[in-house]
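Source file: run-v2.tsv (TSV, C-alpha atoms)
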chain	number	residue	atom	x	y	z
A	180	MET	CA	14.29	22.25	36.47
A	181	ARG	CA	16.71	23.71	33.94
A	182	ALA	CA	20.08	24.89	35.18
A	183	THR	CA	20.15	27.53	32.50
A	184	ALA	CA	17.37	29.45	34.27
A	185	TYR	CA	19.84	30.28	37.07
A	186	GLN	CA	22.91	30.89	34.99
A	187	PRO	CA	23.51	34.51	36.15
A	188	LEU	CA	23.59	33.25	39.76
A	189	ILE	CA	25.91	30.35	39.14
A	190	THR	CA	28.77	32.70	38.23
A	191	ALA	CA	28.58	34.52	41.55
A	192	PRO	CA	29.67	32.06	44.27
A	193	ALA	CA	33.44	32.34	43.69
A	194	ASN	CA	33.37	36.07	44.44
A	195	LEU	CA	31.15	35.76	47.48
A	196	ARG	CA	33.06	32.87	49.05
A	197	HIS	CA	36.13	35.12	49.18
A	198	GLY	CA	34.14	37.91	50.81
A	199	ARG	CA	34.27	40.21	47.79
A	200	ARG	CA	31.27	42.14	46.58
A	201	PRO	CA	30.98	42.17	42.79
A	202	ALA	CA	32.31	45.33	41.17
A	203	SER	CA	28.91	46.01	39.70
A	204	SER	CA	26.35	46.93	42.31
A	205	ARG	CA	23.64	45.73	39.96
A	206	TRP	CA	24.11	42.16	41.22
A	207	LEU	CA	21.80	41.77	44.27
A	208	PRO	CA	22.39	45.43	45.24
A	209	SER	CA	20.79	45.46	48.69
A	210	VAL	CA	20.48	41.84	49.75
A	211	SER	CA	21.33	40.83	53.31
A	212	PRO	CA	24.31	38.51	53.89
A	213	ARG	CA	21.95	35.73	55.04
A	214	ARG	CA	19.78	36.07	51.95
A	215	ARG	CA	22.85	36.27	49.72
A	216	ALA	CA	24.21	33.02	51.22
A	217	ALA	CA	20.87	31.29	50.60
A	218	VAL	CA	20.95	32.38	46.97
A	219	VAL	CA	24.49	31.07	46.62
A	220	ARG	CA	23.52	27.70	48.13
A	221	ALA	CA	20.58	27.45	45.73
A	222	ALA	CA	22.80	28.28	42.77
A	223	VAL	CA	25.36	25.65	43.75
A	224	ALA	CA	22.58	23.08	44.24
A	225	VAL	CA	21.24	23.80	40.75
A	226	GLU	CA	24.72	23.46	39.31
A	227	GLU	CA	25.24	20.09	41.02
A	228	GLU	CA	21.82	18.91	39.85
A	229	ALA	CA	22.77	19.74	36.26
A	230	LYS	CA	25.97	17.70	36.63
A	231	THR	CA	24.25	14.63	38.07
A	232	LYS	CA	21.00	14.72	36.08
A	233	VAL	CA	19.90	11.24	35.03
A	234	SER	CA	18.37	10.81	31.58
A	235	LEU	CA	14.74	9.73	31.59
A	236	VAL	CA	15.15	7.62	28.44
A	237	ARG	CA	18.31	5.90	27.21
A	238	ILE	CA	18.08	4.89	23.54
A	239	GLY	CA	20.28	2.02	22.37
A	240	THR	CA	21.39	1.96	18.74
A	241	ARG	CA	24.13	0.88	16.38
A	242	GLY	CA	26.72	3.51	15.54
A	243	SER	CA	26.37	3.72	11.76
A	244	PRO	CA	25.23	7.08	10.33
A	245	LEU	CA	21.92	5.51	9.26
A	246	ALA	CA	21.30	3.86	12.64
A	247	LEU	CA	22.03	7.16	14.39
A	248	ALA	CA	19.69	9.01	12.03
A	249	GLN	CA	16.94	6.56	13.03
A	250	ALA	CA	17.75	7.01	16.73
A	251	TYR	CA	17.62	10.80	16.41
A	252	GLU	CA	14.31	10.53	14.55
A	253	THR	CA	12.96	8.49	17.46
A	254	ARG	CA	14.34	11.00	19.98
A	255	ASP	CA	12.76	13.94	18.17
A	256	LYS	CA	9.37	12.22	18.02
A	257	LEU	CA	9.52	11.40	21.73
A	258	MET	CA	10.44	15.00	22.58
A	259	ALA	CA	7.55	16.32	20.49
A	260	ALA	CA	5.04	13.89	22.03
A	261	HIS	CA	6.08	14.16	25.70
A	262	SER	CA	6.91	17.55	27.23
A	263	GLU	CA	8.98	16.04	30.06
A	264	LEU	CA	11.32	14.57	27.48
A	265	ALA	CA	11.93	17.90	25.75
A	266	ASP	CA	14.42	19.11	28.39
A	267	ASP	CA	18.12	18.98	27.61
A	268	GLY	CA	19.57	15.66	28.67
A	269	ALA	CA	16.20	13.96	29.17
A	270	ILE	CA	16.99	11.54	26.36
A	271	LYS	CA	20.41	9.99	25.89
A	272	ILE	CA	21.58	8.00	22.86
A	273	ILE	CA	23.93	5.09	23.60
A	274	ILE	CA	25.90	3.46	20.78
A	275	ILE	CA	26.32	-0.33	20.92
A	276	LYS	CA	28.52	-2.30	18.53
A	277	THR	CA	26.92	-5.47	17.17
A	278	THR	CA	28.39	-8.63	15.64
A	279	GLY	CA	27.42	-7.40	12.17
A	280	ASP	CA	29.38	-4.19	12.78
A	281	LYS	CA	32.48	-5.99	13.98
A	282	ILE	CA	32.87	-8.49	11.14
A	283	LEU	CA	33.00	-6.64	7.83
A	284	SER	CA	35.29	-8.91	5.82
A	285	GLN	CA	32.80	-11.74	5.32
A	286	PRO	CA	29.38	-11.98	3.67
A	287	LEU	CA	26.56	-11.85	6.21
A	288	ALA	CA	25.45	-15.32	5.13
A	289	ASP	CA	28.89	-16.72	6.05
A	290	ILE	CA	28.86	-15.19	9.53
A	291	GLY	CA	25.71	-17.16	10.25
A	292	GLY	CA	23.09	-16.84	12.93
A	293	LYS	CA	20.20	-14.43	13.29
A	294	GLY	CA	20.14	-11.04	14.93
A	295	LEU	CA	23.57	-10.03	13.65
A	296	PHE	CA	22.66	-6.34	14.01
A	297	THR	CA	20.35	-6.60	17.04
A	298	LYS	CA	21.61	-9.20	19.55
A	299	GLU	CA	23.98	-6.99	21.56
A	300	ILE	CA	21.48	-4.14	21.66
A	301	ASP	CA	18.72	-6.43	22.91
A	302	GLU	CA	21.07	-7.83	25.57
A	303	ALA	CA	21.83	-4.30	26.78
A	304	LEU	CA	18.08	-3.66	26.96
A	305	LEU	CA	17.38	-6.75	29.04
A	306	GLU	CA	20.34	-5.97	31.32
A	307	GLY	CA	18.93	-2.49	32.02
A	308	LYS	CA	21.79	-0.61	30.35
A	309	ILE	CA	19.35	1.08	27.99
A	310	ASP	CA	15.59	1.73	28.19
A	311	ILE	CA	14.53	1.35	24.56
A	312	ALA	CA	16.15	-0.15	21.46
A	313	VAL	CA	15.80	1.30	17.97
A	314	HIS	CA	16.13	-1.22	15.13
A	315	SER	CA	15.75	-1.40	11.38
A	316	MET	CA	12.89	-3.91	11.25
A	317	LYS	CA	14.49	-5.83	8.40
A	318	ASP	CA	17.31	-6.76	10.84
A	319	VAL	CA	14.98	-8.01	13.59
A	320	PRO	CA	14.57	-11.82	13.92
A	321	THR	CA	11.04	-13.19	13.83
A	322	TYR	CA	11.27	-14.05	17.54
A	323	PHE	CA	11.93	-11.73	20.49
A	324	PRO	CA	14.02	-12.63	23.56
A	325	ASP	CA	12.02	-13.33	26.71
A	326	GLY	CA	11.37	-10.08	28.55
A	327	MET	CA	11.31	-7.89	25.43
A	328	ILE	CA	8.42	-6.45	23.41
A	329	LEU	CA	8.30	-4.34	20.26
A	330	PRO	CA	5.02	-2.38	20.38
A	331	CYS	CA	5.95	0.40	17.97
A	332	ASN	CA	6.75	0.93	14.32
A	333	LEU	CA	7.37	4.44	13.06
A	334	PRO	CA	5.77	5.50	9.76
A	335	ARG	CA	7.35	3.50	6.96
A	336	GLU	CA	9.64	5.15	4.44
A	337	ASP	CA	9.69	4.40	0.71
A	338	VAL	CA	10.33	0.65	0.34
A	339	ARG	CA	11.97	0.76	-3.11
A	340	ASP	CA	15.59	0.01	-3.91
A	341	ALA	CA	17.82	2.58	-5.57
A	342	PHE	CA	20.16	1.79	-8.46
A	343	ILE	CA	23.43	3.75	-8.25
A	344	CYS	CA	25.88	3.79	-11.14
A	345	LEU	CA	28.33	6.22	-12.75
A	346	THR	CA	28.13	4.76	-16.27
A	347	ALA	CA	24.60	3.43	-16.88
A	348	ASN	CA	21.05	4.58	-16.18
A	349	SER	CA	19.63	1.18	-15.26
A	350	LEU	CA	20.52	-2.47	-14.70
A	351	SER	CA	19.38	-3.26	-18.24
A	352	GLU	CA	21.98	-0.84	-19.68
A	353	LEU	CA	24.95	-2.47	-17.94
A	354	PRO	CA	27.20	-4.39	-20.38
A	355	ALA	CA	27.53	-8.15	-19.93
A	356	GLY	CA	30.08	-9.02	-17.27
A	357	SER	CA	29.54	-5.79	-15.33
A	358	ILE	CA	30.04	-6.15	-11.58
A	359	VAL	CA	27.25	-5.11	-9.21
A	360	GLY	CA	28.11	-4.83	-5.53
A	361	SER	CA	25.57	-6.00	-2.96
A	362	ALA	CA	25.61	-7.72	0.42
A	363	SER	CA	22.00	-8.82	-0.07
A	364	LEU	CA	21.18	-12.30	-1.37
A	365	ARG	CA	17.67	-11.00	-2.03
A	366	ARG	CA	18.98	-8.40	-4.44
A	367	GLN	CA	21.55	-10.78	-5.89
A	368	SER	CA	18.99	-13.46	-6.79
A	369	GLN	CA	16.56	-10.99	-8.37
A	370	ILE	CA	19.31	-9.26	-10.37
A	371	LEU	CA	20.65	-12.57	-11.71
A	372	TYR	CA	17.14	-13.83	-12.46
A	373	ARG	CA	16.51	-10.90	-14.81
A	374	TYR	CA	20.08	-10.16	-15.93
A	375	PRO	CA	22.06	-13.42	-15.83
A	376	SER	CA	24.94	-11.82	-17.78
A	377	LEU	CA	25.81	-9.59	-14.81
A	378	LYS	CA	28.05	-10.55	-11.90
A	379	VAL	CA	27.13	-9.79	-8.28
A	380	VAL	CA	29.84	-9.60	-5.60
A	381	ASN	CA	29.71	-9.17	-1.84
A	382	PHE	CA	29.69	-5.48	-0.92
A	383	ARG	CA	29.67	-4.80	2.84
A	384	GLY	CA	29.82	-1.51	4.76
A	385	ASN	CA	27.62	1.45	5.56
A	386	VAL	CA	26.11	3.69	2.89
A	387	GLN	CA	29.07	6.06	2.82
A	388	THR	CA	31.58	3.20	2.52
A	389	ARG	CA	29.72	1.58	-0.36
A	390	LEU	CA	29.46	4.83	-2.29
A	391	LYS	CA	33.19	5.40	-1.78
A	392	LYS	CA	33.97	1.92	-3.15
A	393	LEU	CA	31.73	2.60	-6.14
A	394	ASN	CA	33.50	5.88	-6.89
A	395	GLU	CA	36.87	4.12	-6.63
A	396	GLY	CA	35.80	1.66	-9.31
A	397	GLU	CA	35.61	-1.54	-7.24
A	398	VAL	CA	32.23	-2.23	-8.86
A	399	GLN	CA	30.29	-0.74	-11.75
A	400	ALA	CA	27.04	-0.37	-9.82
A	401	THR	CA	25.40	-0.96	-6.48
A	402	MET	CA	21.94	-0.94	-4.97
A	403	LEU	CA	20.80	0.58	-1.69
A	404	ALA	CA	17.49	0.97	0.10
A	405	LEU	CA	15.94	4.32	-0.81
A	406	ALA	CA	14.65	4.64	2.76
A	407	GLY	CA	18.18	4.83	4.14
A	408	LEU	CA	19.29	7.35	1.54
A	409	LYS	CA	16.30	9.54	2.39
A	410	ARG	CA	17.00	9.41	6.11
A	411	LEU	CA	20.61	10.37	5.43
A	412	HIS	CA	19.60	13.11	2.97
A	413	MET	CA	21.72	11.46	0.27
A	414	THR	CA	19.19	10.89	-2.51
A	415	GLU	CA	21.30	12.97	-4.90
A	416	ASN	CA	23.38	9.80	-5.40
A	417	VAL	CA	20.45	7.85	-6.89
A	418	THR	CA	20.66	7.01	-10.60
A	419	ALA	CA	17.27	5.30	-10.86
A	420	LEU	CA	14.57	3.79	-8.67
A	421	LEU	CA	13.48	0.19	-9.11
A	422	SER	CA	9.78	-0.55	-8.86
A	423	VAL	CA	8.64	-3.22	-6.40
A	424	GLU	CA	7.65	-5.30	-9.43
A	425	GLU	CA	11.26	-5.32	-10.64
A	426	MET	CA	12.90	-5.65	-7.23
A	427	LEU	CA	10.72	-6.90	-4.36
A	428	PRO	CA	11.89	-5.33	-1.07
A	429	ALA	CA	13.27	-7.09	1.98
A	430	ILE	CA	10.80	-8.04	4.67
A	431	ALA	CA	9.96	-4.85	6.64
A	432	GLN	CA	12.28	-2.68	4.49
A	433	GLY	CA	11.94	1.01	5.35
A	434	ALA	CA	10.36	0.36	8.76
A	435	ILE	CA	11.84	1.32	12.14
A	436	GLY	CA	10.95	-0.72	15.23
A	437	ILE	CA	11.26	0.40	18.84
A	438	ALA	CA	11.53	-2.20	21.62
A	439	CYS	CA	11.48	-2.07	25.42
A	440	ARG	CA	11.37	-4.48	28.35
A	441	SER	CA	8.03	-6.23	28.75
A	442	ASN	CA	7.76	-5.14	32.42
A	443	ASP	CA	8.56	-1.47	31.74
A	444	GLU	CA	5.12	0.08	31.45
A	445	LYS	CA	6.44	3.63	31.35
A	446	MET	CA	8.66	3.02	28.33
A	447	ALA	CA	5.95	0.93	26.65
A	448	ASN	CA	3.56	3.88	26.94
A	449	TYR	CA	6.16	6.32	25.66
A	450	ILE	CA	6.89	4.38	22.50
A	451	ALA	CA	3.34	3.13	21.91
A	452	SER	CA	2.35	6.78	21.49
A	453	LEU	CA	4.60	6.92	18.39
A	454	ASN	CA	3.23	3.78	16.75
A	455	HIS	CA	2.00	3.99	13.14
A	456	GLU	CA	-0.64	1.28	12.94
A	457	GLU	CA	-0.73	0.91	9.16
A	458	THR	CA	3.00	0.22	9.17
A	459	ARG	CA	2.76	-2.14	12.12
A	460	LEU	CA	0.13	-4.28	10.40
A	461	ALA	CA	2.05	-4.42	7.10
A	462	VAL	CA	5.22	-5.45	8.93
A	463	ALA	CA	3.30	-8.12	10.87
A	464	CYS	CA	2.01	-9.60	7.60
A	465	GLU	CA	5.48	-9.71	6.04
A	466	ARG	CA	7.12	-11.16	9.14
A	467	ALA	CA	4.45	-13.90	9.35
A	468	PHE	CA	5.47	-14.87	5.81
A	469	LEU	CA	9.15	-14.91	6.78
A	470	GLU	CA	8.53	-16.89	9.96
A	471	THR	CA	6.56	-19.53	8.05
A	472	LEU	CA	9.34	-20.00	5.52
A	473	ASP	CA	11.92	-20.14	8.31
A	474	GLY	CA	14.69	-19.85	5.75
A	475	SER	CA	18.34	-19.78	6.66
A	476	CYS	CA	20.44	-16.65	6.35
A	477	ARG	CA	21.48	-18.04	2.95
A	478	THR	CA	17.93	-18.02	1.57
A	479	PRO	CA	16.85	-15.06	-0.59
A	480	ILE	CA	13.40	-14.02	0.71
A	481	ALA	CA	11.42	-10.89	-0.10
A	482	GLY	CA	7.94	-9.64	0.72
A	483	TYR	CA	5.82	-6.52	0.69
A	484	ALA	CA	2.37	-5.76	2.13
A	485	TYR	CA	0.55	-2.49	1.51
A	486	ARG	CA	-2.90	-0.90	1.60
A	487	ASP	CA	-4.37	-0.43	-1.89
A	488	LYS	CA	-6.62	2.43	-3.02
A	489	ASP	CA	-9.71	0.50	-1.90
A	490	GLY	CA	-8.34	-0.10	1.59
A	491	TYR	CA	-7.45	-3.77	1.14
A	492	CYS	CA	-4.15	-5.39	2.05
A	493	VAL	CA	-2.18	-6.64	-0.93
A	494	PHE	CA	0.75	-8.94	-0.20
A	495	ARG	CA	3.38	-10.36	-2.52
A	496	GLY	CA	6.13	-12.70	-1.38
A	497	LEU	CA	9.11	-14.34	-3.03
A	498	VAL	CA	11.70	-17.03	-2.34
A	499	ALA	CA	14.60	-17.77	-4.68
A	500	SER	CA	17.81	-19.66	-5.21
A	501	PRO	CA	20.90	-17.47	-4.61
A	502	ASP	CA	21.99	-17.80	-8.24
A	503	GLY	CA	18.62	-16.57	-9.48
A	504	THR	CA	17.90	-19.68	-11.54
A	505	ARG	CA	14.70	-20.35	-9.65
A	506	VAL	CA	12.29	-17.74	-8.26
A	507	LEU	CA	8.91	-18.59	-6.71
A	508	GLU	CA	6.25	-15.99	-5.93
A	509	ALA	CA	2.90	-15.92	-4.14
A	510	SER	CA	0.37	-13.16	-3.58
A	511	ARG	CA	-2.67	-12.58	-1.38
A	512	LYS	CA	-5.38	-9.94	-0.93
A	513	GLY	CA	-7.67	-9.38	2.05
A	514	SER	CA	-8.95	-6.94	4.64
A	515	TYR	CA	-6.47	-4.58	6.30
A	516	ALA	CA	-6.78	-6.10	9.78
A	517	LEU	CA	-4.11	-7.76	11.92
A	518	GLU	CA	-5.52	-11.27	12.21
A	519	GLU	CA	-6.32	-11.62	8.51
A	520	MET	CA	-3.03	-10.04	7.41
A	521	VAL	CA	-0.97	-12.40	9.57
A	522	SER	CA	-3.01	-15.29	8.17
A	523	MET	CA	-2.33	-14.07	4.61
A	524	GLY	CA	1.42	-13.96	5.24
A	525	LYS	CA	1.45	-17.45	6.74
A	526	ASP	CA	-0.70	-18.88	3.94
A	527	ALA	CA	1.55	-17.42	1.24
A	528	GLY	CA	4.58	-18.90	3.03
A	529	LYS	CA	2.98	-22.34	3.19
A	530	GLU	CA	2.19	-22.17	-0.52
A	531	LEU	CA	5.81	-21.45	-1.43
A	532	LEU	CA	7.10	-24.15	0.91
A	533	SER	CA	4.86	-26.65	-0.85
A	534	ARG	CA	5.88	-25.51	-4.32
A	535	ALA	CA	9.59	-25.32	-3.50
A	536	GLY	CA	9.85	-28.88	-2.30
A	537	PRO	CA	12.28	-30.43	0.21
A	538	GLY	CA	15.68	-28.81	0.60
A	539	PHE	CA	14.99	-25.70	-1.45
A	540	LEU	CA	15.54	-23.38	1.54
A	541	ASP	CA	18.62	-25.20	2.83
A	542	TRP	CA	21.32	-23.32	0.94

Would you mind writing the structure in this file as structure tokens?
Amino acid sequence: MRATAYQPLITAPANLRHGRRPASSRWLPSVSPRRRAAVVRAAVAVEEEAKTKVSLVRIGTRGSPLALAQAYETRDKLMAAHSELADDGAIKIIIIKTTGDKILSQPLADIGGKGLFTKEIDEALLEGKIDIAVHSMKDVPTYFPDGMILPCNLPREDVRDAFICLTANSLSELPAGSIVGSASLRRQSQILYRYPSLKVVNFRGNVQTRLKKLNEGEVQATMLALAGLKRLHMTENVTALLSVEEMLPAIAQGAIGIACRSNDEKMANYIASLNHEETRLAVACERAFLETLDGSCRTPIAGYAYRDKDGYCVFRGLVASPDGTRVLEASRKGSYALEEMVSMGKDAGKELLSRAGPGFLDW
């Protein structure tokens, strides 16, 4: 029940409790005192209900502008799919600070560990402080904590990386010695592989922070995921787009995942209704590749699975040395079905492990 439906009545109790009849006789003009008291009690009850209303779904998210944009996208889709969630206050967004948000002075690889941007959110989920967790899938470890499931991926955004620069139109136009800012070892290794004359430095922070640093001249160029720029409506900052052939995306780049507790059937049904199966299968293929490699956080790994024009799954994966001196690739093609796609990802990972040799992933 919405409190707003009774708003004209909620303003009346103060007058009536002091025994005064409203100046305008249009308000309940000929209602008996007993009936008037009943209306007042109902109005007060509605007002109290509005104050104490409990949200039906609590969404946990990081507090960055991009993370919030993804949480609001999830909220809007839930509201559109389920009428009971369309009421004001039915869905609440709760911001949770993660380890990756707290430590901004060091490269992610130096902080160590997995789940730098998910661990605290997943803990809040399992502790019952939130009902669902919204993650960028590229941040999600290949394992889930006991008691948690991730049955939903929203439709995937554009997976390409964006080149952003004030002085050049592409990486190839940057003069030797130019500094490119990036917190991603994946991007670093692929840039240095193709353009060894460039220098790549650690570049942490959210999208807005990185663009500010670029404008202040800390670096000559940077690269960001186009998906994030689209979700933030900031594509006007893009200088050029890099094809997936030139810059292979991160595993699950552009995909949003929504998790809930494994014993929460209601939430599982809510979020399963939003699932985009084509995205889910592609992400499963890429994550099978990543899990097989089991690289450390210092290992540049990239992979991309997609449905081609004939309906087949095409997968391409990559592992590299951080300095870009060695890059190994593998590709697979098969039917667009979960079991075969997971098998393709694993098989490609095994091939690269064999070709890389002992110690290659232990940077």

Close residues, Ala362 of chain A itself excluded, 6 Å, only C-alpha atoms, min 2 positions apart in chain, as an MDAnalysis selection string: chainID A and resid 381:383

Atomic separation - atom CA of Met316 of chain A relative to atom CA of Cys439 of chain A, Å: 14.4 Å

Å distance separating atom CA of Val498 of chain A from atom CA of Ile480 of chain A, one decimal place: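 About the pair atom CA of Val498 of chain A and atom CA of Ile480 of chain A: they are 4.6 Å apart.
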
Env of Val313 of chain A: 6 Å cut, atoms = all atoms listed in the file, seq-sep filter 4 positions within chain, self excluded. Answer as a PDB file with C-alpha atoms, keeping the file's coordinate frame.
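around.pdb was written with the following content:
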ATOM      1  CA  THR A 240      21.390   1.960  18.740  1.00  0.00           C
ATOM      2  CA  GLY A 436      10.950  -0.720  15.230  1.00  0.00           C
ATOM      3  CA  ILE A 437      11.260   0.400  18.840  1.00  0.00           C
TER       4      ILE A 437
END

Exercise: segment 490-493 of chain A partners within 7 Å, only C-alpha atoms, chain neighbours under 5 positions left out, as an MDAnalysis selection string: chainID A and resid 484:485 511:515

Long-range neighbours of Tyr374 of chain A as a VMD selection string, 9 Å cut-off, all atoms listed in the file, 5 positions minimum in chain: chain A and resid 350 to 351 355 369

Write out the residues from the selection above, keeping C-alpha atoms, as a PDB file, in the coordinates of the input.
ATOM      1  CA  LEU A 350      20.520  -2.470 -14.700  1.00  0.00           C
ATOM      2  CA  SER A 351      19.380  -3.260 -18.240  1.00  0.00           C
ATOM      3  CA  ALA A 355      27.530  -8.150 -19.930  1.00  0.00           C
ATOM      4  CA  GLN A 369      16.560 -10.990  -8.370  1.00  0.00           C
TER       5      GLN A 369
END

Proximity to Leu497 of chain A - best of A:Val462, A:Leu540, A:Ile450, A:Met520, only C-alpha atoms: A:Leu540

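When the distance limit is 9 Å and only C-alpha atoms are what count, the residues near Ser452 of chain A, minus those fewer than 3 positions from it on the same chain, are Leu257, Ala260, Cys331, Ala447, Asn448, Tyr449 and His455 of chain A.
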
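Between Asp502 of chain A and the candidates A:Asn442, A:Arg410, A:Lys298, A:Leu377, the tightest atom-to-atom separation, counting all atoms listed in the file, involves A:Leu377.
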
Rebuild segment 341-360 of chain A so that it carries N, CA, C and O atoms, then output the result as a PDB file, in the frame of the given file.
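See selection-v7.pdb below for the written result:
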ATOM      1  N   ALA A 341      17.237   1.590  -4.672  1.00  0.00           N
ATOM      2  CA  ALA A 341      17.820   2.580  -5.570  1.00  0.00           C
ATOM      3  C   ALA A 341      19.002   1.970  -6.320  1.00  0.00           C
ATOM      4  O   ALA A 341      19.858   1.304  -5.720  1.00  0.00           O
ATOM      5  N   PHE A 342      19.036   2.203  -7.616  1.00  0.00           N
ATOM      6  CA  PHE A 342      20.160   1.790  -8.460  1.00  0.00           C
ATOM      7  C   PHE A 342      21.128   2.959  -8.535  1.00  0.00           C
ATOM      8  O   PHE A 342      20.734   4.098  -8.828  1.00  0.00           O
ATOM      9  N   ILE A 343      22.417   2.693  -8.258  1.00  0.00           N
ATOM     10  CA  ILE A 343      23.430   3.750  -8.250  1.00  0.00           C
ATOM     11  C   ILE A 343      24.581   3.330  -9.152  1.00  0.00           C
ATOM     12  O   ILE A 343      25.197   2.279  -8.952  1.00  0.00           O
ATOM     13  N   CYS A 344      24.860   4.144 -10.154  1.00  0.00           N
ATOM     14  CA  CYS A 344      25.880   3.790 -11.140  1.00  0.00           C
ATOM     15  C   CYS A 344      26.422   5.063 -11.774  1.00  0.00           C
ATOM     16  O   CYS A 344      25.682   6.043 -11.958  1.00  0.00           O
ATOM     17  N   LEU A 345      27.698   5.052 -12.122  1.00  0.00           N
ATOM     18  CA  LEU A 345      28.330   6.220 -12.750  1.00  0.00           C
ATOM     19  C   LEU A 345      28.317   6.137 -14.266  1.00  0.00           C
ATOM     20  O   LEU A 345      28.609   7.124 -14.951  1.00  0.00           O
ATOM     21  N   THR A 346      27.975   4.954 -14.815  1.00  0.00           N
ATOM     22  CA  THR A 346      28.130   4.760 -16.270  1.00  0.00           C
ATOM     23  C   THR A 346      26.856   4.314 -16.984  1.00  0.00           C
ATOM     24  O   THR A 346      26.822   4.313 -18.211  1.00  0.00           O
ATOM     25  N   ALA A 347      25.829   3.916 -16.242  1.00  0.00           N
ATOM     26  CA  ALA A 347      24.600   3.430 -16.880  1.00  0.00           C
ATOM     27  C   ALA A 347      23.392   3.960 -16.111  1.00  0.00           C
ATOM     28  O   ALA A 347      23.483   4.286 -14.922  1.00  0.00           O
ATOM     29  N   ASN A 348      22.263   4.040 -16.798  1.00  0.00           N
ATOM     30  CA  ASN A 348      21.050   4.580 -16.180  1.00  0.00           C
ATOM     31  C   ASN A 348      20.167   3.520 -15.547  1.00  0.00           C
ATOM     32  O   ASN A 348      19.204   3.857 -14.850  1.00  0.00           O
ATOM     33  N   SER A 349      20.443   2.254 -15.816  1.00  0.00           N
ATOM     34  CA  SER A 349      19.630   1.180 -15.260  1.00  0.00           C
ATOM     35  C   SER A 349      20.391  -0.129 -15.332  1.00  0.00           C
ATOM     36  O   SER A 349      21.425  -0.236 -16.018  1.00  0.00           O
ATOM     37  N   LEU A 350      19.904  -1.145 -14.632  1.00  0.00           N
ATOM     38  CA  LEU A 350      20.520  -2.470 -14.700  1.00  0.00           C
ATOM     39  C   LEU A 350      20.543  -2.996 -16.121  1.00  0.00           C
ATOM     40  O   LEU A 350      21.518  -3.619 -16.552  1.00  0.00           O
ATOM     41  N   SER A 351      19.484  -2.732 -16.874  1.00  0.00           N
ATOM     42  CA  SER A 351      19.380  -3.260 -18.240  1.00  0.00           C
ATOM     43  C   SER A 351      20.425  -2.662 -19.180  1.00  0.00           C
ATOM     44  O   SER A 351      20.756  -3.260 -20.208  1.00  0.00           O
ATOM     45  N   GLU A 352      20.978  -1.487 -18.831  1.00  0.00           N
ATOM     46  CA  GLU A 352      21.980  -0.840 -19.680  1.00  0.00           C
ATOM     47  C   GLU A 352      23.402  -1.296 -19.380  1.00  0.00           C
ATOM     48  O   GLU A 352      24.327  -0.980 -20.138  1.00  0.00           O
ATOM     49  N   LEU A 353      23.596  -2.022 -18.288  1.00  0.00           N
ATOM     50  CA  LEU A 353      24.950  -2.470 -17.940  1.00  0.00           C
ATOM     51  C   LEU A 353      25.431  -3.518 -18.943  1.00  0.00           C
ATOM     52  O   LEU A 353      24.705  -4.462 -19.269  1.00  0.00           O
ATOM     53  N   PRO A 354      26.662  -3.396 -19.445  1.00  0.00           N
ATOM     54  CA  PRO A 354      27.200  -4.390 -20.380  1.00  0.00           C
ATOM     55  C   PRO A 354      27.354  -5.753 -19.691  1.00  0.00           C
ATOM     56  O   PRO A 354      27.507  -5.843 -18.466  1.00  0.00           O
ATOM     57  N   ALA A 355      27.317  -6.806 -20.459  1.00  0.00           N
ATOM     58  CA  ALA A 355      27.530  -8.150 -19.930  1.00  0.00           C
ATOM     59  C   ALA A 355      28.870  -8.213 -19.196  1.00  0.00           C
ATOM     60  O   ALA A 355      29.855  -7.636 -19.634  1.00  0.00           O
ATOM     61  N   GLY A 356      28.867  -8.887 -18.064  1.00  0.00           N
ATOM     62  CA  GLY A 356      30.080  -9.020 -17.270  1.00  0.00           C
ATOM     63  C   GLY A 356      30.275  -7.899 -16.265  1.00  0.00           C
ATOM     64  O   GLY A 356      31.222  -7.951 -15.468  1.00  0.00           O
ATOM     65  N   SER A 357      29.411  -6.890 -16.293  1.00  0.00           N
ATOM     66  CA  SER A 357      29.540  -5.790 -15.330  1.00  0.00           C
ATOM     67  C   SER A 357      29.353  -6.322 -13.904  1.00  0.00           C
ATOM     68  O   SER A 357      28.573  -7.245 -13.653  1.00  0.00           O
ATOM     69  N   ILE A 358      30.078  -5.702 -12.973  1.00  0.00           N
ATOM     70  CA  ILE A 358      30.040  -6.150 -11.580  1.00  0.00           C
ATOM     71  C   ILE A 358      29.137  -5.229 -10.761  1.00  0.00           C
ATOM     72  O   ILE A 358      29.311  -4.010 -10.753  1.00  0.00           O
ATOM     73  N   VAL A 359      28.160  -5.838 -10.099  1.00  0.00           N
ATOM     74  CA  VAL A 359      27.250  -5.110  -9.210  1.00  0.00           C
ATOM     75  C   VAL A 359      27.578  -5.516  -7.783  1.00  0.00           C
ATOM     76  O   VAL A 359      27.667  -6.711  -7.465  1.00  0.00           O
ATOM     77  N   GLY A 360      27.790  -4.544  -6.919  1.00  0.00           N
ATOM     78  CA  GLY A 360      28.110  -4.830  -5.530  1.00  0.00           C
ATOM     79  C   GLY A 360      26.876  -4.842  -4.656  1.00  0.00           C
ATOM     80  O   GLY A 360      26.076  -3.907  -4.678  1.00  0.00           O
TER      81      GLY A 360
END
